[in-house]
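> Structure file query11.txt, compact mmCIF, C-alpha atoms, is pasted below:
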# COMPACT_ATOMS: atom_id res chain seq x y z
CA MET A 1 4.81 -20.57 -78.31
CA CYS A 2 2.66 -19.68 -75.30
CA GLU A 3 0.33 -16.69 -75.45
CA LEU A 4 -0.88 -14.09 -72.98
CA TYR A 5 -4.11 -12.21 -72.40
CA GLY A 6 -4.71 -9.53 -69.78
CA MET A 7 -7.29 -6.88 -69.00
CA SER A 8 -7.79 -3.98 -66.61
CA SER A 9 -10.94 -1.88 -66.34
CA SER A 10 -12.43 0.89 -64.24
CA ALA A 11 -15.44 -1.30 -63.34
CA PRO A 12 -16.31 -4.98 -63.70
CA VAL A 13 -17.13 -5.93 -67.29
CA GLY A 14 -17.92 -9.07 -69.25
CA ILE A 15 -15.21 -10.16 -71.69
CA GLU A 16 -16.83 -13.26 -73.15
CA SER A 17 -15.91 -12.65 -76.78
CA ALA A 18 -12.25 -11.97 -76.03
CA LEU A 19 -11.89 -14.99 -73.76
CA LEU A 20 -13.59 -17.31 -76.24
CA ARG A 21 -11.26 -16.11 -78.98
CA PHE A 22 -8.28 -16.51 -76.64
CA ARG A 23 -9.54 -20.02 -75.88
CA GLN A 24 -9.04 -20.86 -79.57
CA ARG A 25 -5.38 -19.83 -79.30
CA GLY A 26 -4.92 -22.79 -76.96
CA GLY A 27 -4.59 -25.56 -79.49
CA ALA A 28 -6.97 -24.64 -82.32
CA GLU A 29 -5.78 -21.42 -83.98
CA ALA A 30 -2.27 -21.70 -82.50
CA ASP A 31 -0.03 -24.50 -81.26
CA ASN A 32 -0.47 -23.99 -77.50
CA PRO A 33 -2.17 -27.21 -76.37
CA ASP A 34 -0.38 -27.86 -73.06
CA GLY A 35 -2.65 -26.23 -70.51
CA TRP A 36 -4.28 -22.92 -69.71
CA GLY A 37 -4.94 -20.70 -66.73
CA LEU A 38 -6.76 -17.58 -65.57
CA ALA A 39 -6.08 -15.36 -62.55
CA TYR A 40 -8.90 -12.87 -62.06
CA HIS A 41 -10.93 -10.81 -59.63
CA ASP A 42 -14.27 -12.52 -59.04
CA CYS A 43 -16.28 -9.33 -58.64
CA SER A 44 -19.46 -11.29 -58.00
CA GLY A 45 -17.92 -13.19 -55.07
CA THR A 46 -17.30 -12.41 -51.42
CA GLN A 47 -13.70 -11.25 -52.05
CA PRO A 48 -13.93 -9.09 -55.18
CA ASN A 49 -10.36 -7.76 -54.85
CA ALA A 50 -8.69 -11.13 -54.32
CA PHE A 51 -7.36 -13.23 -57.19
CA GLN A 52 -9.06 -16.47 -58.09
CA ILE A 53 -6.88 -18.88 -60.07
CA VAL A 54 -8.27 -21.57 -62.34
CA LYS A 55 -5.93 -23.84 -64.32
CA GLU A 56 -6.12 -27.01 -66.36
CA THR A 57 -3.38 -29.09 -67.95
CA THR A 58 -5.52 -29.87 -71.01
CA SER A 59 -5.91 -27.69 -74.09
CA ALA A 60 -7.89 -24.48 -73.74
CA CYS A 61 -9.71 -24.97 -77.04
CA GLY A 62 -11.35 -28.12 -75.72
CA SER A 63 -12.10 -26.88 -72.22
CA ARG A 64 -15.75 -26.72 -71.18
CA LEU A 65 -14.65 -25.09 -67.92
CA LEU A 66 -13.02 -22.20 -69.76
CA THR A 67 -16.14 -21.77 -71.88
CA ARG A 68 -18.31 -21.58 -68.75
CA LEU A 69 -15.96 -19.05 -67.15
CA ALA A 70 -15.96 -16.91 -70.28
CA ASN A 71 -19.76 -16.91 -70.39
CA LYS A 72 -20.14 -15.68 -66.82
CA MET A 73 -16.93 -13.68 -66.31
CA ASN A 74 -17.45 -10.27 -64.74
CA THR A 75 -14.14 -8.77 -63.67
CA ASP A 76 -11.97 -5.68 -63.55
CA LEU A 77 -8.56 -7.41 -63.61
CA LEU A 78 -7.41 -10.61 -65.31
CA ILE A 79 -4.28 -12.41 -66.47
CA GLY A 80 -4.65 -15.40 -68.80
CA HIS A 81 -2.24 -17.85 -70.43
CA VAL A 82 -2.26 -20.73 -72.91
CA ARG A 83 0.82 -22.92 -72.79
CA LYS A 84 3.22 -24.57 -75.20
CA ALA A 85 5.39 -26.69 -72.88
CA ARG A 86 9.05 -26.15 -73.69
CA HIS A 87 11.34 -25.62 -70.72
CA PRO A 88 10.71 -28.08 -69.33
CA ALA A 89 8.44 -29.95 -71.71
CA ILE A 90 6.52 -31.35 -68.74
CA VAL A 91 2.78 -30.81 -68.61
CA ASN A 92 1.46 -30.66 -65.06
CA TYR A 93 -0.44 -28.30 -62.79
CA LEU A 94 2.61 -26.75 -61.11
CA ASN A 95 4.14 -25.82 -64.47
CA THR A 96 0.91 -24.23 -65.71
CA HIS A 97 0.62 -20.43 -65.72
CA PRO A 98 -0.36 -18.07 -64.13
CA PHE A 99 1.76 -18.46 -61.00
CA MET A 100 1.04 -16.83 -57.64
CA HIS A 101 3.50 -15.88 -54.88
CA HIS A 102 3.45 -13.64 -51.83
CA CYS A 103 5.80 -10.65 -51.55
CA CYS A 104 5.78 -7.37 -49.64
CA LYS A 105 2.42 -8.11 -48.00
CA LYS A 106 0.74 -8.68 -51.37
CA GLU A 107 -0.27 -11.61 -53.55
CA TRP A 108 1.31 -11.40 -57.01
CA VAL A 109 0.38 -13.28 -60.18
CA PHE A 110 2.50 -13.73 -63.29
CA ALA A 111 2.38 -15.33 -66.74
CA HIS A 112 5.10 -15.43 -69.37
CA ASN A 113 5.67 -15.95 -73.07
CA GLY A 114 9.16 -16.79 -74.28
CA LEU A 115 12.20 -18.78 -73.19
CA VAL A 116 14.86 -17.92 -70.60
CA PRO A 117 16.35 -21.24 -69.45
CA SER A 118 19.61 -19.52 -68.51
CA ILE A 119 17.80 -17.91 -65.58
CA LEU A 120 18.37 -21.19 -63.74
CA LEU A 121 22.13 -20.55 -63.75
CA ALA A 122 21.67 -17.39 -61.70
CA ASP A 123 19.03 -18.52 -59.27
CA GLU A 124 19.85 -17.05 -55.85
CA THR A 125 16.22 -16.45 -54.93
CA ARG A 126 16.02 -19.85 -53.25
CA LEU A 127 18.79 -18.76 -50.88
CA ARG A 128 17.12 -15.46 -50.07
CA GLY A 129 13.78 -17.12 -49.53
CA THR A 130 11.83 -14.31 -51.21
CA CYS A 131 10.12 -16.71 -53.58
CA VAL A 132 10.59 -20.45 -53.98
CA PRO A 133 9.32 -21.83 -57.31
CA ALA A 134 6.75 -24.60 -56.90
CA GLY A 135 7.26 -25.91 -60.44
CA LEU A 136 10.18 -26.41 -62.79
CA THR A 137 9.68 -23.71 -65.42
CA ASP A 138 12.16 -20.99 -66.25
CA SER A 139 9.09 -18.72 -66.24
CA GLU A 140 8.39 -19.18 -62.55
CA HIS A 141 12.08 -18.74 -61.72
CA ALA A 142 12.04 -15.45 -63.64
CA PHE A 143 8.91 -14.44 -61.69
CA CYS A 144 10.81 -15.05 -58.45
CA HIS A 145 13.68 -12.90 -59.70
CA LEU A 146 11.24 -10.04 -60.28
CA LEU A 147 9.80 -10.43 -56.78
CA ASP A 148 13.27 -10.63 -55.28
CA ARG A 149 14.15 -7.26 -56.75
CA ILE A 150 10.86 -5.76 -55.54
CA ALA A 151 11.50 -7.12 -52.05
CA GLN A 152 14.98 -5.59 -51.97
CA GLY A 153 13.34 -2.18 -52.24
CA PHE A 154 10.60 -2.90 -49.72
CA ASP A 155 11.60 0.00 -47.43
CA ALA A 156 11.09 2.44 -50.29
CA LEU A 157 7.55 1.15 -50.75
CA LEU A 158 6.62 2.60 -47.36
CA THR A 159 7.04 6.13 -48.70
CA ASP A 160 6.44 5.54 -52.43
CA PRO A 161 3.97 2.73 -53.25
CA THR A 162 5.03 2.90 -56.92
CA ALA A 163 8.77 2.56 -56.29
CA TRP A 164 8.69 -1.03 -57.51
CA PHE A 165 7.80 -0.01 -61.08
CA ASP A 166 11.43 0.89 -61.82
CA SER A 167 12.63 -2.27 -60.09
CA VAL A 168 10.48 -4.38 -62.38
CA ALA A 169 11.70 -2.54 -65.49
CA ASN A 170 15.36 -2.95 -64.50
CA ARG A 171 15.04 -6.63 -63.69
CA ALA A 172 12.96 -7.28 -66.83
CA GLU A 173 15.75 -5.73 -68.91
CA TRP A 174 18.26 -8.06 -67.30
CA ILE A 175 16.14 -11.18 -67.75
CA THR A 176 15.33 -10.31 -71.36
CA SER A 177 19.02 -10.23 -72.21
CA LEU A 178 19.09 -13.98 -71.52
CA GLY A 179 16.44 -14.88 -74.07
CA GLN A 180 12.83 -13.98 -74.82
CA PHE A 181 10.70 -12.40 -72.11
CA ASN A 182 7.15 -11.13 -72.60
CA PHE A 183 5.05 -11.14 -69.44
CA LEU A 184 2.02 -9.97 -67.50
CA LEU A 185 2.33 -9.27 -63.77
CA SER A 186 -0.12 -7.99 -61.14
CA ASP A 187 -0.11 -7.13 -57.44
CA GLY A 188 -3.91 -7.21 -57.32
CA ALA A 189 -4.32 -3.55 -58.28
CA HIS A 190 -2.00 -2.91 -61.23
CA LEU A 191 -1.58 -4.73 -64.52
CA ILE A 192 2.05 -4.64 -65.61
CA ALA A 193 2.80 -5.67 -69.18
CA TYR A 194 6.26 -6.11 -70.67
CA GLY A 195 6.68 -6.62 -74.38
CA HIS A 196 10.11 -7.84 -75.32
CA ASP A 197 9.13 -8.65 -78.89
CA ARG A 198 5.49 -9.77 -79.06
CA LEU A 199 2.64 -7.94 -77.32
CA HIS A 200 -0.37 -5.84 -78.39
CA VAL A 201 -2.78 -3.50 -76.61
CA LEU A 202 -6.34 -2.33 -77.28
CA VAL A 203 -7.85 0.60 -75.36
CA SER A 204 -11.61 1.04 -75.48
CA GLY A 205 -14.68 1.96 -73.48
CA ILE A 206 -17.89 0.11 -72.62
CA ASN A 207 -20.78 2.27 -71.37
CA GLY A 208 -18.40 4.73 -69.76
CA THR A 209 -16.07 2.04 -68.39
CA ARG A 210 -12.40 2.34 -69.32
CA LEU A 211 -11.03 -0.95 -70.60
CA VAL A 212 -7.54 -1.98 -71.69
CA GLN A 213 -6.84 -5.41 -73.15
CA ILE A 214 -3.40 -6.85 -73.80
CA SER A 215 -2.68 -9.93 -75.86
CA THR A 216 0.19 -11.65 -77.57
CA GLU A 217 -1.71 -11.45 -80.84
CA PRO A 218 -4.75 -9.23 -81.62
CA LEU A 219 -7.97 -11.04 -80.73
CA THR A 220 -10.38 -8.87 -82.74
CA ASP A 221 -10.44 -6.85 -85.96
CA GLU A 222 -10.11 -3.61 -83.97
CA PRO A 223 -6.92 -1.48 -84.17
CA TRP A 224 -4.64 -3.14 -81.61
CA GLN A 225 -1.27 -1.42 -81.19
CA ALA A 226 2.01 -3.30 -80.91
CA PHE A 227 4.29 -2.61 -77.96
CA ARG A 228 7.67 -1.14 -78.77
CA ALA A 229 10.47 -3.67 -78.32
CA GLY A 230 11.45 -3.68 -74.65
CA GLU A 231 8.48 -1.54 -73.54
CA LEU A 232 6.92 -1.87 -70.10
CA ARG A 233 3.49 -0.42 -69.30
CA VAL A 234 1.65 -0.15 -65.99
CA TYR A 235 -2.16 0.12 -65.91
CA ARG A 236 -4.61 0.61 -63.08
CA ASN A 237 -8.40 0.65 -63.41
CA GLY A 238 -8.13 0.70 -67.20
CA SER A 239 -5.80 3.73 -67.35
CA LEU A 240 -2.12 3.94 -68.21
CA LEU A 241 -0.11 5.09 -65.18
CA THR A 242 3.41 4.94 -66.56
CA ARG A 243 5.61 3.36 -69.18
CA ALA A 244 9.30 2.68 -69.61
CA GLU A 245 11.55 1.51 -72.41
CA THR A 246 14.35 -0.94 -71.78
CA THR A 247 17.33 -1.84 -73.96
CA PRO A 248 18.40 -5.38 -73.07
CA VAL A 249 21.80 -6.46 -74.40
CA PRO A 250 22.22 -10.20 -75.05
CA VAL A 251 24.79 -11.87 -72.81
CA ASP A 252 26.65 -15.16 -72.76
CA PRO A 253 24.72 -17.34 -70.27
CA GLN A 254 28.00 -18.86 -69.07
CA SER A 255 29.25 -15.43 -67.95
CA ILE A 256 26.26 -14.63 -65.73
CA ALA A 257 27.23 -12.89 -62.51
CA PHE A 258 24.15 -12.37 -60.39
CA ASP A 259 25.48 -9.43 -58.39
CA ALA A 260 26.04 -7.43 -61.55
CA ALA A 261 22.80 -8.51 -63.15
CA ASP A 262 21.00 -5.22 -63.63
CA THR A 263 22.02 -4.76 -67.26
CA ALA A 264 21.16 -8.15 -68.72
CA GLY A 265 18.05 -10.20 -69.28
CA HIS A 266 16.50 -13.64 -69.06
CA GLN A 267 13.71 -15.37 -70.81
CA CYS A 268 10.96 -17.57 -69.54
CA GLU A 269 8.92 -20.34 -70.95
CA VAL A 270 5.27 -20.25 -71.70
Can the structure from this file be put into structure tokens for me?

Amino acid sequence: MCELYGMSSSAPVGIESALLRFRQRGGAEADNPDGWGLAYHDCSGTQPNAFQIVKETTSACGSRLLTRLANKMNTDLLIGHVRKARHPAIVNYLNTHPFMHHCCKKEWVFAHNGLVPSILLADETRLRGTCVPAGLTDSEHAFCHLLDRIAQGFDALLTDPTAWFDSVANRAEWITSLGQFNFLLSDGAHLIAYGHDRLHVLVSGINGTRLVQISTEPLTDEPWQAFRAGELRVYRNGSLLTRAETTPVPVDPQSIAFDAADTAGHQCEV
């Protein structure tokens, strides 16, 4: 099944060793051969706070491009993904994570591990126009559901820029009830991590720089900590801002009623 890697730090850092190990999870040390992608701040470029996205539809473990990026990477925010194509089992660029969409005057990126095909039965986001999936994955549809909920509370963002944290937690709980839903999400400043059943975190420091790394499976021999089931964490500049625990209750996909969807969950593909 697909795997995730994310990082947030208080200053740009090199993460070569972690990325090279994560690269091996894409077809060598794990069965995720169907593409890879990185969304990251290029702190050495002209727009250090804007996401750059690089994706390939070939396996990460054989990618020379990923190796070159790992060798030169200097960033303070990153979301990475290696894919096992499942729903749908179509390998192409549009189905490759991370995905990017615009919402509430921000660019958001998202990557997912799991399966929530039933999300397609409740897809009203196309009608609202908040977010129209470019590919076919249940993952990207789930991403649009998260953005739709954030957009519904846009007015609250004018007085409380963190109001969307609760919206994400509530919608993640609903989506998770439809399957398996581990994800990384960012608005360009925060790193939001949700661990339904499979996510780990490592907090460390490099020469006074605060660094948090999140991965589906531990990438080093250091003491990574597992997320609690249904836990959501929000980081900024390498520090934990808030956390929440959700309690998704599995539902019958055939009984999905979108308007009452705050208590159930979906699952996305990787």
> Excluding range 223-228 of chain A and any residue of its chain fewer than 4 positions from it, enumerate the residues within 8 Å of it, using only C-alpha atoms, and give them as a list in words.
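In the requested form, the answer reads Gly195, His196, Asp197, Arg198, Leu199, His200, Val201, Leu202, Val203, Pro218 and Glu245 of chain A.
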> To one decimal place in Å, what is the distance between CA of His87 in chain A and CA of Val116 in chain A?
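Between CA of His87 in chain A and CA of Val116 in chain A the gap is 8.5 Å.
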> Would you kindly return, as a PyMOL selection string, each protein, DNA or RNA residue with an atom no farther than 10 Å from any atom of Trp164 in chain A, considering all atoms listed in the file and excluding same-chain residues fewer than 5 positions away?
chain A and resi 146-147+149-154+156-157+169-170
> Find the residues near Thr75 in chain A: any atom within 12 Å, counting all atoms listed in the file, skip ones fewer than 5 places away on the same chain, and give them as a PyMOL selection string.
chain A and resi 6-16+38-45+47-52+69-70+209+211+237-238
> Give me, please, the distance in Å between CA of Asn95 in chain A and CA of Gly135 in chain A, quoted to one decimal.
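Atom-to-atom, CA of Asn95 in chain A to CA of Gly135 in chain A, that is 5.1 Å.
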